[in-house]
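K.L.:
Please find one structure pasted underneath; my questions will follow.
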Amino acid sequence: MSLILPAGYRNLLGTVENTEKAIKSVKDMFQVNLSAQLALLRVTAPMVVLSGTGLNDDLNGVERPVSFPIRSMDERKAEVVHSLAKWKRVKLAELGIGPGRGIYTDMNALRPDEDLDNIHSIYVDQWDWEKVIRPEDRNLAFLKKTVRRIYEAVKVTENKLYVEFPQIVPQLPEEIHFIHAEELLQRYPSLTPKERENAITRQYGAVFIIGIGGKLSDGTVHDGRAADYDDWSTPNEDGYTGLNGDILLWNDILGAAFEISSMGIRVDAAALDRQLTLRGQQWKKDLYFHKRLLEGSLPQTIGGGIGQSRLCMFLLRKAHIGEIQSAIWPDDMVRRCHAAGIEIV
């Protein structure tokens with residue numbers, strides 16, 4: 001996405017001060033709603049992990065983590081997290097949490113390889129959550145039930161926000177629509193993946209696209225996904241593959257589909273082995289996280305990340321994520337945004 005400057009844009013909350021108050025309201029309300037919907041305990045999380053353990057999120061496999069040596073640990077290398085997708089699973093094992101309950105945390109990450117635009121920043125803040133499930137829960141019906149609970153938490157937050165700030169009128173549809181990435185390809189074969197997302201989300205308002213990361217019938221993937229957390233290769237009840245996906249909302253301000261969450265049922269030992277083989281990454285089997293999963297010492301889980309600044313941006317009808325979070329932006333972007341009535345904090 002290149003920089004979008006919506007014509008006639010204005011801050012519905014009037015001032016930066018009111019925006020800051022509204023940001024706190026959204027964050028306070030949503031994490032309470034999410035915790036209640038999914039039975040999650042808040043835990044403290046790391047900002048850095050040791051290199052070479054396999055605990056950091058590889059994202060699409062090409063992003064470089066910010067890394068540094070630790071003098072007091074014989075110059076052992078550490079890296080700033082991309083996300084906590086795998087760390088959370090280890091934490092659940094350490095806490096001994098059983099099926100039906102989970103954890104969430106405030107995750108702060110750095111992703112310096114992001115292309116900066118309205119919705120991408122080098123600073124990433126999200127609610128990272130993970131929940132223990134039973135082996136028999138590894139199915140599409142359970143995935144959809146969890147997605148609906150998350151969507152309900154978003155809707156409740158939007159409605160409560162309307163009470164406090166009546167200028168923020170609720171716009172989310174009653175239900176979220178589910179579609180597999182392969183179905184999306186068949187429906188819009190001449191469009192790019194992002195164009196498909198725009199078309200389907202414009203139609204339904206809220207969409208969950210299933211199976212992101214797995215190869216489609218035309219040999220492509222809808223979007224990148226690492227091999228070692230989401231399960232994008234297991235056959236599901238709909239005749240496709242994948243037990244994961246993205247939550248997209250239609251953003252009227254930007255005129256585009258707006259991703260607020262990437263999530264899914266996580267790989268079990270069989271799916272991990274299969275996906276590492278498909279990606280030619282069998283060498284990861286010797287890493288700490290992967291060895292533990294393959295030997296069966298980590299629980300079966302479902303989990304994901306929900307962008308904090310992204311959700312605030314959507315619910316507060318903002319045009320740029322820099323209106324929500326304080327980060328680093330190109331000087332030209334800041335100037336252009338200011339001229340368009342978008343105040344970067």
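If you're wondering about the labels, chains in the structure tokens are A, B, ... by order shown, residues count from 1 in each chain, ligands from 1 in order shown.
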Could you give me, as a list in words, the residues within 10 Å of A:Ala270, counting only C-alpha atoms and dropping anything in the same chain fewer than 3 positions from it?
P.N.:
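Residues near the query, excluding close chain neighbours: Thr234, Val267, Asp273, Arg274, Gln275, Leu293 and Leu294 of chain A.
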K.L.:
Keeping only all heavy atoms, take the residues you just selected and write them out as a CSV table (one decimal), in the first residue's frame.
P.N.:
chain,number,residue,atom,x,y,z
A,234,THR,N,-2.8,-28.6,6.9
A,234,THR,CA,-3.7,-29.7,7.2
A,234,THR,C,-5.0,-29.7,6.5
A,234,THR,O,-5.6,-28.6,6.5
A,234,THR,CB,-3.9,-29.7,8.7
A,234,THR,OG1,-2.7,-30.0,9.4
A,234,THR,CG2,-5.0,-30.8,9.1
A,267,VAL,N,0.6,-25.5,14.5
A,267,VAL,CA,1.1,-26.7,14.0
A,267,VAL,C,1.3,-27.8,15.2
A,267,VAL,O,1.7,-27.4,16.3
A,267,VAL,CB,2.5,-26.6,13.3
A,267,VAL,CG1,2.3,-25.9,12.0
A,267,VAL,CG2,3.5,-25.9,14.2
A,273,ASP,N,6.5,-30.9,10.9
A,273,ASP,CA,7.4,-31.7,10.0
A,273,ASP,C,7.1,-31.5,8.5
A,273,ASP,O,8.0,-31.3,7.7
A,273,ASP,CB,7.3,-33.2,10.4
A,273,ASP,CG,8.3,-34.0,9.7
A,273,ASP,OD1,9.5,-33.8,9.8
A,273,ASP,OD2,7.9,-34.9,8.9
A,274,ARG,N,5.8,-31.5,8.2
A,274,ARG,CA,5.4,-31.4,6.8
A,274,ARG,C,5.7,-30.0,6.3
A,274,ARG,O,6.2,-29.9,5.2
A,274,ARG,CB,3.9,-31.6,6.7
A,274,ARG,CG,3.3,-31.5,5.4
A,274,ARG,CD,1.8,-32.0,5.3
A,274,ARG,NE,1.0,-31.3,6.2
A,274,ARG,CZ,0.4,-31.8,7.3
A,274,ARG,NH1,0.6,-33.1,7.6
A,274,ARG,NH2,-0.4,-31.1,8.1
A,275,GLN,N,5.4,-29.0,7.1
A,275,GLN,CA,5.6,-27.6,6.6
A,275,GLN,C,7.1,-27.2,6.5
A,275,GLN,O,7.5,-26.5,5.6
A,275,GLN,CB,4.8,-26.6,7.5
A,275,GLN,CG,3.3,-26.8,7.3
A,275,GLN,CD,2.5,-25.8,8.1
A,275,GLN,OE1,1.2,-25.9,8.0
A,275,GLN,NE2,3.0,-24.9,8.8
A,293,LEU,N,8.6,-29.1,20.4
A,293,LEU,CA,7.3,-29.4,19.7
A,293,LEU,C,7.3,-30.8,19.1
A,293,LEU,O,6.3,-31.6,19.3
A,293,LEU,CB,7.0,-28.4,18.7
A,293,LEU,CG,5.7,-28.5,17.9
A,293,LEU,CD1,4.5,-28.6,18.9
A,293,LEU,CD2,5.5,-27.3,17.0
A,294,LEU,N,8.4,-31.2,18.5
A,294,LEU,CA,8.4,-32.5,17.8
A,294,LEU,C,8.4,-33.6,18.8
A,294,LEU,O,7.9,-34.7,18.6
A,294,LEU,CB,9.6,-32.6,16.9
A,294,LEU,CG,9.6,-31.7,15.6
A,294,LEU,CD1,10.9,-31.6,15.0
A,294,LEU,CD2,8.5,-32.2,14.7
K.L.:
Give me, as a CSV table (one decimal) with C-alpha atoms, in the first residue's frame, all polymer residues having an atom no more than 10 Å from A:Arg111, counting only C-alpha atoms and skipping those fewer than 4 positions away in the same chain.
P.N.:
chain,number,residue,atom,x,y,z
A,59,LEU,CA,7.4,-13.7,9.6
A,63,GLU,CA,12.8,-9.9,7.5
A,64,ARG,CA,15.9,-9.1,9.5
A,65,PRO,CA,15.6,-8.9,13.3
A,66,VAL,CA,17.3,-6.1,15.2
A,80,VAL,CA,14.3,-7.9,19.3
A,81,VAL,CA,11.1,-9.9,18.8
A,82,HIS,CA,9.1,-9.8,15.6
A,83,SER,CA,6.2,-11.3,17.5
A,115,ASP,CA,7.5,-0.6,3.9
A,120,HIS,CA,2.8,-0.1,8.4
A,121,SER,CA,5.3,1.1,11.0
A,122,ILE,CA,8.7,-0.2,12.1
A,123,TYR,CA,7.2,-0.3,15.6
A,124,VAL,CA,4.6,-3.0,16.1
K.L.:
When distances are computed from only C-alpha atoms, which of A:Glu259, A:Pro189, A:Glu158, A:Thr146 shows the smallest separation from A:Thr201?
P.N.:
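The shortest atom-to-atom distance to A:Thr201 comes from A:Glu259.
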K.L.:
If you run DSSP on this backbone, which residues of stretch 61-281 of chain A come out as alpha helix (DSSP H), and could you give them as a ChimeraX atom specification?
P.N.:
/A:87-95,140-164,181-187,193-204,269-278
K.L.:
Kindly save the residues from that selection, with C-alpha atoms included, as a JSON list (two decimals), in the first residue's frame.
P.N.:
[["chain", "number", "residue", "atom", "x", "y", "z"],
["A", 87, "TRP", "CA", 7.33, -17.90, 22.84],
["A", 88, "LYS", "CA", 3.70, -18.03, 24.04],
["A", 89, "ARG", "CA", 3.48, -21.76, 23.46],
["A", 90, "VAL", "CA", 6.55, -22.36, 25.59],
["A", 91, "LYS", "CA", 5.09, -20.08, 28.28],
["A", 92, "LEU", "CA", 1.84, -22.06, 28.35],
["A", 93, "ALA", "CA", 3.83, -25.23, 28.93],
["A", 94, "GLU", "CA", 5.77, -23.58, 31.77],
["A", 95, "LEU", "CA", 2.55, -22.37, 33.42],
["A", 140, "LEU", "CA", -12.27, -25.63, 11.08],
["A", 141, "ALA", "CA", -15.37, -25.41, 13.29],
["A", 142, "PHE", "CA", -13.25, -24.60, 16.35],
["A", 143, "LEU", "CA", -11.24, -22.03, 14.39],
["A", 144, "LYS", "CA", -14.42, -20.28, 13.22],
["A", 145, "LYS", "CA", -15.90, -20.29, 16.74],
["A", 146, "THR", "CA", -12.77, -18.57, 18.05],
["A", 147, "VAL", "CA", -12.78, -16.01, 15.23],
["A", 148, "ARG", "CA", -16.41, -15.15, 16.03],
["A", 149, "ARG", "CA", -15.52, -14.60, 19.68],
["A", 150, "ILE", "CA", -12.71, -12.21, 18.73],
["A", 151, "TYR", "CA", -15.00, -10.38, 16.33],
["A", 152, "GLU", "CA", -17.60, -10.06, 19.09],
["A", 153, "ALA", "CA", -14.95, -8.46, 21.32],
["A", 154, "VAL", "CA", -14.24, -5.91, 18.57],
["A", 155, "LYS", "CA", -17.94, -5.15, 18.09],
["A", 156, "VAL", "CA", -18.58, -4.72, 21.81],
["A", 157, "THR", "CA", -15.64, -2.31, 21.98],
["A", 158, "GLU", "CA", -17.00, -0.32, 19.04],
["A", 159, "ASN", "CA", -20.43, -0.05, 20.68],
["A", 160, "LYS", "CA", -19.00, 1.01, 24.04],
["A", 161, "LEU", "CA", -16.80, 3.56, 22.30],
["A", 162, "TYR", "CA", -19.92, 5.06, 20.69],
["A", 163, "VAL", "CA", -21.38, 5.70, 24.16],
["A", 164, "GLU", "CA", -18.27, 7.62, 25.20],
["A", 181, "ALA", "CA", -8.04, -18.28, -0.01],
["A", 182, "GLU", "CA", -8.64, -20.83, -2.80],
["A", 183, "GLU", "CA", -12.32, -19.88, -3.05],
["A", 184, "LEU", "CA", -11.23, -16.26, -3.24],
["A", 185, "LEU", "CA", -8.86, -17.08, -6.10],
["A", 186, "GLN", "CA", -11.63, -18.91, -7.98],
["A", 187, "ARG", "CA", -14.04, -16.01, -7.47],
["A", 193, "PRO", "CA", -4.36, -11.20, -3.63],
["A", 194, "LYS", "CA", -4.73, -7.65, -2.24],
["A", 195, "GLU", "CA", -7.33, -6.80, -4.87],
["A", 196, "ARG", "CA", -9.23, -9.96, -3.92],
["A", 197, "GLU", "CA", -9.14, -8.90, -0.28],
["A", 198, "ASN", "CA", -10.51, -5.49, -1.20],
["A", 199, "ALA", "CA", -13.31, -6.97, -3.31],
["A", 200, "ILE", "CA", -14.53, -9.48, -0.73],
["A", 201, "THR", "CA", -14.17, -7.17, 2.27],
["A", 202, "ARG", "CA", -15.94, -4.30, 0.51],
["A", 203, "GLN", "CA", -18.84, -6.70, -0.08],
["A", 204, "TYR", "CA", -19.15, -8.14, 3.44],
["A", 269, "ALA", "CA", 4.31, -32.32, 15.31],
["A", 270, "ALA", "CA", 3.03, -33.77, 12.02],
["A", 271, "ALA", "CA", 2.14, -30.37, 10.53],
["A", 272, "LEU", "CA", 5.46, -28.86, 11.64],
["A", 273, "ASP", "CA", 7.42, -31.68, 10.03],
["A", 274, "ARG", "CA", 5.37, -31.38, 6.82],
["A", 275, "GLN", "CA", 5.61, -27.58, 6.57],
["A", 276, "LEU", "CA", 9.35, -27.48, 7.30],
["A", 277, "THR", "CA", 9.82, -30.01, 4.51],
["A", 278, "LEU", "CA", 7.63, -28.01, 2.10]]
K.L.:
Which one of A:Ile302, A:Ile97, A:Met47, A:Ile176 sits closest to A:Ala78 if you count only C-alpha atoms?
P.N.:
A:Met47
K.L.:
Kindly provide the residues of stretch 161-272 of chain A that approach stretch 126-136 of chain A to within 10 Å, each paired with its closest atom pair and their distance in Å to one decimal, based on only C-alpha atoms, listed by chain and increasing number, as a Markdown table.
P.N.:
| residue | atom | partner | partner_atom | distance |
| --- | --- | --- | --- | --- |
| A:Ile260 | CA | A:Gln126 | CA | 9.5 |
| A:Ser261 | CA | A:Gln126 | CA | 9.1 |
| A:Met263 | CA | A:Trp129 | CA | 9.2 |
| A:Gly264 | CA | A:Glu130 | CA | 9.7 |
| A:Ile265 | CA | A:Ile133 | CA | 8.9 |
| A:Arg266 | CA | A:Glu130 | CA | 9.5 |
| A:Asp268 | CA | A:Pro135 | CA | 8.8 |
K.L.:
Just how far from atom CA of A:Gln300 is atom CA of A:Gly98, in Å to one decimal?
P.N.:
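Value for the atom CA of A:Gly98-atom CA of A:Gln300 distance: 9.9 Å.
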K.L.:
Could you tell me how far atom CA of A:Phe165 lies from atom CA of A:Leu12, in Å and to one decimal?
P.N.:
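The value is 9.5 Å.
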K.L.:
Among stretch 118-339 of chain A, which ones does DSSP assign to strand (DSSP E) (computed from the backbone)? Answer as a ChimeraX atom specification.
P.N.:
/A:123-132,177-180,206-210,244-251,256-265,301-307
K.L.:
Could you write out that same residue set with N, CA and C atoms as a compact mmCIF listing (two decimals), in the first residue's frame?
P.N.:
# COMPACT_ATOMS: atom_id res chain seq x y z
N TYR A 123 7.57 0.08 14.24
CA TYR A 123 7.19 -0.29 15.60
C TYR A 123 5.85 -1.01 15.55
N VAL A 124 5.80 -2.20 16.13
CA VAL A 124 4.58 -3.00 16.11
C VAL A 124 4.14 -3.26 17.55
N ASP A 125 2.90 -2.92 17.84
CA ASP A 125 2.33 -3.22 19.16
C ASP A 125 1.06 -4.04 18.95
N GLN A 126 0.97 -5.16 19.63
CA GLN A 126 -0.22 -5.98 19.46
C GLN A 126 -0.51 -6.76 20.73
N TRP A 127 -1.76 -7.20 20.83
CA TRP A 127 -2.11 -8.17 21.87
C TRP A 127 -1.78 -9.54 21.30
N ASP A 128 -0.72 -10.14 21.79
CA ASP A 128 -0.38 -11.50 21.40
C ASP A 128 -1.09 -12.44 22.36
N TRP A 129 -1.84 -13.40 21.82
CA TRP A 129 -2.60 -14.31 22.67
C TRP A 129 -2.41 -15.75 22.21
N GLU A 130 -2.57 -16.66 23.14
CA GLU A 130 -2.42 -18.08 22.84
C GLU A 130 -3.27 -18.87 23.84
N LYS A 131 -3.95 -19.89 23.34
CA LYS A 131 -4.89 -20.66 24.16
C LYS A 131 -4.66 -22.15 23.95
N VAL A 132 -4.67 -22.91 25.04
CA VAL A 132 -4.47 -24.35 24.96
C VAL A 132 -5.76 -25.02 24.47
N HIS A 177 -17.76 -12.83 7.74
CA HIS A 177 -17.90 -13.79 6.64
C HIS A 177 -16.62 -14.61 6.52
N PHE A 178 -16.76 -15.92 6.28
CA PHE A 178 -15.61 -16.81 6.13
C PHE A 178 -15.47 -17.25 4.68
N ILE A 179 -14.22 -17.25 4.20
CA ILE A 179 -13.94 -17.73 2.85
C ILE A 179 -12.50 -18.23 2.80
N HIS A 180 -12.26 -19.31 2.06
CA HIS A 180 -10.91 -19.84 1.92
C HIS A 180 -10.17 -19.08 0.83
N ALA A 206 -16.70 -7.43 6.98
CA ALA A 206 -15.79 -8.13 7.88
C ALA A 206 -15.61 -9.55 7.35
N VAL A 207 -14.36 -9.96 7.15
CA VAL A 207 -14.06 -11.23 6.50
C VAL A 207 -12.91 -11.94 7.20
N PHE A 208 -13.00 -13.26 7.26
CA PHE A 208 -11.87 -14.08 7.69
C PHE A 208 -11.45 -14.96 6.53
N ILE A 209 -10.21 -14.75 6.05
CA ILE A 209 -9.69 -15.54 4.93
C ILE A 209 -8.89 -16.71 5.49
N ILE A 210 -9.30 -17.92 5.14
CA ILE A 210 -8.72 -19.15 5.67
C ILE A 210 -7.61 -19.66 4.76
N ASN A 244 -5.90 -21.72 9.61
CA ASN A 244 -5.45 -20.39 10.03
C ASN A 244 -6.03 -19.33 9.12
N GLY A 245 -5.70 -18.07 9.37
CA GLY A 245 -6.15 -17.02 8.47
C GLY A 245 -5.99 -15.63 9.04
N ASP A 246 -6.60 -14.65 8.35
CA ASP A 246 -6.54 -13.24 8.73
C ASP A 246 -7.95 -12.68 8.89
N ILE A 247 -8.10 -11.80 9.89
CA ILE A 247 -9.34 -11.03 10.05
C ILE A 247 -9.17 -9.70 9.33
N LEU A 248 -10.08 -9.42 8.39
CA LEU A 248 -10.05 -8.17 7.63
C LEU A 248 -11.34 -7.40 7.85
N LEU A 249 -11.24 -6.09 8.00
CA LEU A 249 -12.39 -5.20 8.12
C LEU A 249 -12.34 -4.18 6.99
N TRP A 250 -13.51 -3.76 6.51
CA TRP A 250 -13.51 -2.75 5.46
C TRP A 250 -13.29 -1.37 6.07
N ASN A 251 -12.25 -0.68 5.59
CA ASN A 251 -11.87 0.63 6.10
C ASN A 251 -12.37 1.70 5.13
N ALA A 256 -10.14 0.48 1.60
CA ALA A 256 -9.40 -0.76 1.40
C ALA A 256 -9.69 -1.75 2.52
N ALA A 257 -9.40 -3.01 2.26
CA ALA A 257 -9.45 -4.02 3.31
C ALA A 257 -8.36 -3.71 4.32
N PHE A 258 -8.66 -4.01 5.60
CA PHE A 258 -7.79 -3.58 6.69
C PHE A 258 -7.58 -4.77 7.63
N GLU A 259 -6.38 -5.32 7.62
CA GLU A 259 -6.10 -6.49 8.46
C GLU A 259 -5.86 -6.06 9.90
N ILE A 260 -6.58 -6.69 10.83
CA ILE A 260 -6.35 -6.40 12.25
C ILE A 260 -5.76 -7.59 12.98
N SER A 261 -5.82 -8.78 12.38
CA SER A 261 -5.32 -9.95 13.08
C SER A 261 -4.89 -11.04 12.12
N SER A 262 -3.76 -11.66 12.46
CA SER A 262 -3.31 -12.90 11.84
C SER A 262 -3.34 -13.95 12.93
N MET A 263 -3.94 -15.10 12.67
CA MET A 263 -4.15 -16.08 13.74
C MET A 263 -4.38 -17.47 13.17
N GLY A 264 -4.45 -18.45 14.07
CA GLY A 264 -4.79 -19.78 13.61
C GLY A 264 -4.48 -20.85 14.62
N ILE A 265 -4.97 -22.05 14.33
CA ILE A 265 -4.58 -23.23 15.08
C ILE A 265 -3.12 -23.50 14.73
N THR A 301 -2.25 -25.69 20.63
CA THR A 301 -2.76 -24.34 20.89
C THR A 301 -3.40 -23.72 19.65
N ILE A 302 -4.14 -22.66 19.92
CA ILE A 302 -4.61 -21.72 18.90
C ILE A 302 -4.16 -20.35 19.38
N GLY A 303 -3.78 -19.47 18.45
CA GLY A 303 -3.30 -18.17 18.90
C GLY A 303 -3.16 -17.20 17.75
N GLY A 304 -2.73 -15.99 18.10
CA GLY A 304 -2.55 -14.96 17.08
C GLY A 304 -2.15 -13.64 17.70
N GLY A 305 -2.14 -12.65 16.84
CA GLY A 305 -1.84 -11.29 17.27
C GLY A 305 -2.91 -10.35 16.77
N ILE A 306 -3.28 -9.39 17.59
CA ILE A 306 -4.27 -8.37 17.22
C ILE A 306 -3.60 -7.02 17.37
N GLY A 307 -3.46 -6.31 16.28
CA GLY A 307 -2.73 -5.05 16.30
C GLY A 307 -3.40 -4.00 17.18
K.L.:
How many Å lie between atom CA of A:Lys291 and atom CA of A:Ser233, rounded to one decimal?
P.N.:
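Between atom CA of A:Lys291 and atom CA of A:Ser233 the gap works out to 19.8 Å.
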